[in-house]
Amino acid sequence: MALASNEEGGIRVGERLYLGMDFGTSGARYALIDKQGTIHSEGKREYPVLMNDEKMDWVRSWRAALFSLLEDIPIHLRPLVASISIDGTSATTLIVDSNTGEPLWRPFLYNESCPDALPTVKSVAPANHTVCSGSSTLCKLVSWWNIEGSNKKSALLLHQADWLLWLLHGKLGVSDYNNALKVGYDPASDSYPSWLRSQPYSQLLPSVIAPGTSIGNLKEEIRTQFRFSRGLYCVCRNNR
């Protein structure tokens with residue numbers, strides 16, 4: 001991709017720009033491009049060190065980085081943004097309250113293994129399936145499900161990118177099929193397989209749409225705060 005020579009350069013009348021944000025292991029970055037792939041603005045932020053009970057509070061840190069990136073976008077370019085997409089680290093998993101969207105448990109990071117859940121997952125999934133790994137999203141879900149006292153009735157599973165996009169559009173329970181592969185979604189049949197749907201924890205699984213599909217408009221209060229244009233929409237993006 002080419003980089004515009006200056007902040008105003010390359011912008012035509014009626015130009016629409018597209019904002020992509022990537023949440024990695026140590027920080028987040030954004031790029032603002034046009035249809036030709038020219039970068040009109042880009043930037044990055046390290047995750048702020050926010051602690052909770054002497055442990056890293058990843059949820060607050062990711063949220064802070066998200067809104068810092070929005071603040072970093074040049075003001076004169078914000079009205080030109082037509083859509084926002086986000087991707088994140090593969091298999092980073094959150095269990096949230098299905099009413100409020102707030103986490104019910106600390107996030108399971110992409111490289112975290114849950115060997116305690118692996119025998120259960122292997123007993124229901126086909127042999128050598130993607131979920132038959134201790135670090136799969138499904139193993140993380142099963143591990144949480146087996147925790148005594150976990151709030152199962154009002155819980156919902158989201159991937160990191162799903163949750164971050166929810167902060168922007170406000171519609172809980174939406175993922176895309178690339179995000180959902182490691183929880184067992186079958187893109188060939190465009191559904192969760194029967195062996196997964198029959199499990200008691202299947203009620204936590206998000207609805208799944210195709211990557212690149214529009215989920216909804218940016219929340220009005222966020223649009224106003226950051227001076228984005230009306231009609232800006234958020235789209236599903238796959239995890240890395």
# chains A, B, ... in the order shown; residues from 1 in each chain; ligands from 1
call {"tool": "residues_around", "arguments": {"residues": "stretch 194-201 of chain A", "least_positions_apart": "6", "cutoff": "9 Å", "atoms": "only C-alpha atoms", "output": "VMD selection string"}}
result
chain A and resid 124 to 126 141 to 142 145 152 183 to 185
call {"tool": "write_last_selection", "arguments": {"atoms": "all heavy atoms", "output": "PDB file, in the first residue's frame"}}
result
ATOM      1  N   VAL A 124     -16.287 -35.323  22.452  1.00  0.00           N
ATOM      2  CA  VAL A 124     -17.466 -34.937  21.664  1.00  0.00           C
ATOM      3  C   VAL A 124     -17.116 -34.516  20.240  1.00  0.00           C
ATOM      4  O   VAL A 124     -17.942 -34.641  19.327  1.00  0.00           O
ATOM      5  CB  VAL A 124     -18.256 -33.803  22.355  1.00  0.00           C
ATOM      6  CG1 VAL A 124     -18.798 -34.272  23.700  1.00  0.00           C
ATOM      7  CG2 VAL A 124     -17.419 -32.538  22.525  1.00  0.00           C
ATOM      8  N   ALA A 125     -15.905 -34.024  20.012  1.00  0.00           N
ATOM      9  CA  ALA A 125     -15.522 -33.523  18.692  1.00  0.00           C
ATOM     10  C   ALA A 125     -14.948 -34.643  17.828  1.00  0.00           C
ATOM     11  O   ALA A 125     -14.422 -35.631  18.350  1.00  0.00           O
ATOM     12  CB  ALA A 125     -14.492 -32.412  18.842  1.00  0.00           C
ATOM     13  N   PRO A 126     -15.025 -34.502  16.509  1.00  0.00           N
ATOM     14  CA  PRO A 126     -14.377 -35.486  15.632  1.00  0.00           C
ATOM     15  C   PRO A 126     -12.873 -35.519  15.868  1.00  0.00           C
ATOM     16  O   PRO A 126     -12.266 -34.521  16.271  1.00  0.00           O
ATOM     17  CB  PRO A 126     -14.695 -34.948  14.227  1.00  0.00           C
ATOM     18  CG  PRO A 126     -15.904 -34.091  14.398  1.00  0.00           C
ATOM     19  CD  PRO A 126     -15.775 -33.468  15.758  1.00  0.00           C
ATOM     20  N   LEU A 141     -13.857 -22.348  26.638  1.00  0.00           N
ATOM     21  CA  LEU A 141     -15.256 -22.296  27.034  1.00  0.00           C
ATOM     22  C   LEU A 141     -15.595 -23.425  28.008  1.00  0.00           C
ATOM     23  O   LEU A 141     -16.224 -23.194  29.050  1.00  0.00           O
ATOM     24  CB  LEU A 141     -16.152 -22.382  25.793  1.00  0.00           C
ATOM     25  CG  LEU A 141     -17.653 -22.570  26.037  1.00  0.00           C
ATOM     26  CD1 LEU A 141     -18.229 -21.452  26.885  1.00  0.00           C
ATOM     27  CD2 LEU A 141     -18.392 -22.690  24.703  1.00  0.00           C
ATOM     28  N   VAL A 142     -15.165 -24.638  27.682  1.00  0.00           N
ATOM     29  CA  VAL A 142     -15.463 -25.786  28.540  1.00  0.00           C
ATOM     30  C   VAL A 142     -14.780 -25.634  29.894  1.00  0.00           C
ATOM     31  O   VAL A 142     -15.365 -25.952  30.945  1.00  0.00           O
ATOM     32  CB  VAL A 142     -15.042 -27.099  27.849  1.00  0.00           C
ATOM     33  CG1 VAL A 142     -15.147 -28.271  28.819  1.00  0.00           C
ATOM     34  CG2 VAL A 142     -15.908 -27.353  26.619  1.00  0.00           C
ATOM     35  N   TRP A 145     -16.846 -23.272  31.830  1.00  0.00           N
ATOM     36  CA  TRP A 145     -18.140 -23.906  32.136  1.00  0.00           C
ATOM     37  C   TRP A 145     -18.025 -24.821  33.347  1.00  0.00           C
ATOM     38  O   TRP A 145     -18.965 -24.923  34.149  1.00  0.00           O
ATOM     39  CB  TRP A 145     -18.613 -24.688  30.923  1.00  0.00           C
ATOM     40  CG  TRP A 145     -19.947 -25.351  31.076  1.00  0.00           C
ATOM     41  CD1 TRP A 145     -20.183 -26.645  31.442  1.00  0.00           C
ATOM     42  CD2 TRP A 145     -21.231 -24.751  30.874  1.00  0.00           C
ATOM     43  NE1 TRP A 145     -21.535 -26.903  31.471  1.00  0.00           N
ATOM     44  CE2 TRP A 145     -22.208 -25.751  31.129  1.00  0.00           C
ATOM     45  CE3 TRP A 145     -21.667 -23.487  30.499  1.00  0.00           C
ATOM     46  CZ2 TRP A 145     -23.578 -25.513  31.019  1.00  0.00           C
ATOM     47  CZ3 TRP A 145     -23.030 -23.248  30.384  1.00  0.00           C
ATOM     48  CH2 TRP A 145     -23.964 -24.257  30.655  1.00  0.00           C
ATOM     49  N   LYS A 152     -23.729 -19.323  34.531  1.00  0.00           N
ATOM     50  CA  LYS A 152     -23.992 -19.900  33.214  1.00  0.00           C
ATOM     51  C   LYS A 152     -25.243 -19.343  32.542  1.00  0.00           C
ATOM     52  O   LYS A 152     -25.326 -19.288  31.319  1.00  0.00           O
ATOM     53  CB  LYS A 152     -24.102 -21.428  33.339  1.00  0.00           C
ATOM     54  CG  LYS A 152     -22.840 -22.095  33.875  1.00  0.00           C
ATOM     55  CD  LYS A 152     -23.027 -23.599  34.018  1.00  0.00           C
ATOM     56  CE  LYS A 152     -21.746 -24.298  34.441  1.00  0.00           C
ATOM     57  NZ  LYS A 152     -21.313 -23.939  35.786  1.00  0.00           N
ATOM     58  N   VAL A 183     -13.921 -22.457  17.900  1.00  0.00           N
ATOM     59  CA  VAL A 183     -14.939 -22.904  18.848  1.00  0.00           C
ATOM     60  C   VAL A 183     -15.777 -24.024  18.224  1.00  0.00           C
ATOM     61  O   VAL A 183     -16.655 -24.590  18.864  1.00  0.00           O
ATOM     62  CB  VAL A 183     -15.837 -21.732  19.304  1.00  0.00           C
ATOM     63  CG1 VAL A 183     -16.874 -21.365  18.257  1.00  0.00           C
ATOM     64  CG2 VAL A 183     -16.491 -22.029  20.649  1.00  0.00           C
ATOM     65  N   GLY A 184     -15.499 -24.358  16.951  1.00  0.00           N
ATOM     66  CA  GLY A 184     -16.140 -25.498  16.318  1.00  0.00           C
ATOM     67  C   GLY A 184     -17.086 -25.184  15.183  1.00  0.00           C
ATOM     68  O   GLY A 184     -17.710 -26.093  14.624  1.00  0.00           O
ATOM     69  N   TYR A 185     -17.213 -23.916  14.795  1.00  0.00           N
ATOM     70  CA  TYR A 185     -18.131 -23.560  13.706  1.00  0.00           C
ATOM     71  C   TYR A 185     -17.675 -24.204  12.397  1.00  0.00           C
ATOM     72  O   TYR A 185     -16.481 -24.282  12.106  1.00  0.00           O
ATOM     73  CB  TYR A 185     -18.194 -22.046  13.550  1.00  0.00           C
ATOM     74  CG  TYR A 185     -19.294 -21.578  12.637  1.00  0.00           C
ATOM     75  CD1 TYR A 185     -20.601 -21.490  13.097  1.00  0.00           C
ATOM     76  CD2 TYR A 185     -19.027 -21.245  11.313  1.00  0.00           C
ATOM     77  CE1 TYR A 185     -21.622 -21.065  12.266  1.00  0.00           C
ATOM     78  CE2 TYR A 185     -20.039 -20.819  10.466  1.00  0.00           C
ATOM     79  CZ  TYR A 185     -21.332 -20.729  10.946  1.00  0.00           C
ATOM     80  OH  TYR A 185     -22.336 -20.316  10.109  1.00  0.00           O
TER      81      TYR A 185
END
call {"tool": "select_by_dssp", "arguments": {"residues": "stretch 22-83 of chain A", "states": "strand (DSSP E or B)", "output": "list in words"}}
result
Asp22, Phe23, Gly27, Ala28, Arg29, Tyr30, Ala31, Leu32, Ile33, Ile39, His40, Ser41, Glu42, Gly43, Lys44, Arg45, Glu46, Met51, Asn52, Lys55, Met56, Val81, Ala82 and Ser83 of chain A
call {"tool": "residues_around", "arguments": {"residues": "A:Lys140", "least_positions_apart": "6", "cutoff": "9 Å", "atoms": "only C-alpha atoms", "output": "JSON, numbers by chain"}}
result
{"A": [91, 93, 108, 112, 113, 114, 117, 134, 183]}
call {"tool": "residues_around", "arguments": {"residues": "A:Lys55", "least_positions_apart": "6", "cutoff": "12 Å", "atoms": "only C-alpha atoms", "output": "ChimeraX atom specification"}}
result
/A:49,61,106-107
call {"tool": "residues_around", "arguments": {"residues": "A:Leu167", "least_positions_apart": "6", "cutoff": "9 Å", "atoms": "only C-alpha atoms", "output": "list in words"}}
result
Arg63, Gly101 and Lys219 of chain A
call {"tool": "write_last_selection", "arguments": {"atoms": "C-alpha atoms", "output": "PDB file, in the first residue's frame"}}
result
ATOM      1  CA  ARG A  63     -10.807  -0.740  25.775  1.00  0.00           C
ATOM      2  CA  GLY A 101     -21.591  -7.190  27.771  1.00  0.00           C
ATOM      3  CA  LYS A 219     -23.182   4.230  18.378  1.00  0.00           C
TER       4      LYS A 219
END
call {"tool": "residues_around", "arguments": {"residues": "A:Ala180", "least_positions_apart": "6", "cutoff": "9 Å", "atoms": "only C-alpha atoms", "output": "number ranges by chain"}}
result
A: 91, 137, 159, 186, 205-206, 208, 238
call {"tool": "write_last_selection", "arguments": {"atoms": "N, CA and C atoms", "output": "PDB file, in the first residue's frame"}}
result
ATOM      1  N   ALA A  91      -8.133 -16.883  19.009  1.00  0.00           N
ATOM      2  CA  ALA A  91      -8.554 -17.669  20.176  1.00  0.00           C
ATOM      3  C   ALA A  91      -8.486 -16.904  21.489  1.00  0.00           C
ATOM      4  N   THR A 137     -10.583 -22.199  21.372  1.00  0.00           N
ATOM      5  CA  THR A 137     -11.646 -21.446  22.030  1.00  0.00           C
ATOM      6  C   THR A 137     -12.607 -22.374  22.752  1.00  0.00           C
ATOM      7  N   HIS A 159     -15.275 -13.453  21.011  1.00  0.00           N
ATOM      8  CA  HIS A 159     -13.851 -13.366  20.751  1.00  0.00           C
ATOM      9  C   HIS A 159     -13.409 -11.922  20.959  1.00  0.00           C
ATOM     10  N   ASP A 186     -18.651 -24.662  11.599  1.00  0.00           N
ATOM     11  CA  ASP A 186     -18.359 -25.316  10.325  1.00  0.00           C
ATOM     12  C   ASP A 186     -18.752 -24.377   9.186  1.00  0.00           C
ATOM     13  N   LEU A 205     -22.850 -19.749  22.645  1.00  0.00           N
ATOM     14  CA  LEU A 205     -22.211 -19.482  21.366  1.00  0.00           C
ATOM     15  C   LEU A 205     -22.849 -18.281  20.659  1.00  0.00           C
ATOM     16  N   PRO A 206     -22.037 -17.422  20.060  1.00  0.00           N
ATOM     17  CA  PRO A 206     -22.586 -16.254  19.358  1.00  0.00           C
ATOM     18  C   PRO A 206     -23.183 -16.631  18.006  1.00  0.00           C
ATOM     19  N   VAL A 208     -23.343 -16.193  13.986  1.00  0.00           N
ATOM     20  CA  VAL A 208     -22.200 -16.096  13.082  1.00  0.00           C
ATOM     21  C   VAL A 208     -22.634 -15.555  11.729  1.00  0.00           C
ATOM     22  N   ASN A 238     -12.079 -11.153  10.595  1.00  0.00           N
ATOM     23  CA  ASN A 238     -11.568 -12.393  11.168  1.00  0.00           C
ATOM     24  C   ASN A 238     -10.368 -12.141  12.060  1.00  0.00           C
TER      25      ASN A 238
END
call {"tool": "residues_around", "arguments": {"residues": "A:Thr92", "least_positions_apart": "4", "cutoff": "12 Å", "atoms": "only C-alpha atoms", "output": "PyMOL selection string"}}
result
chain A and resi 23-25+58-59+62+87-88+106-113+135-141+157-164+179-180+182-183+239-240
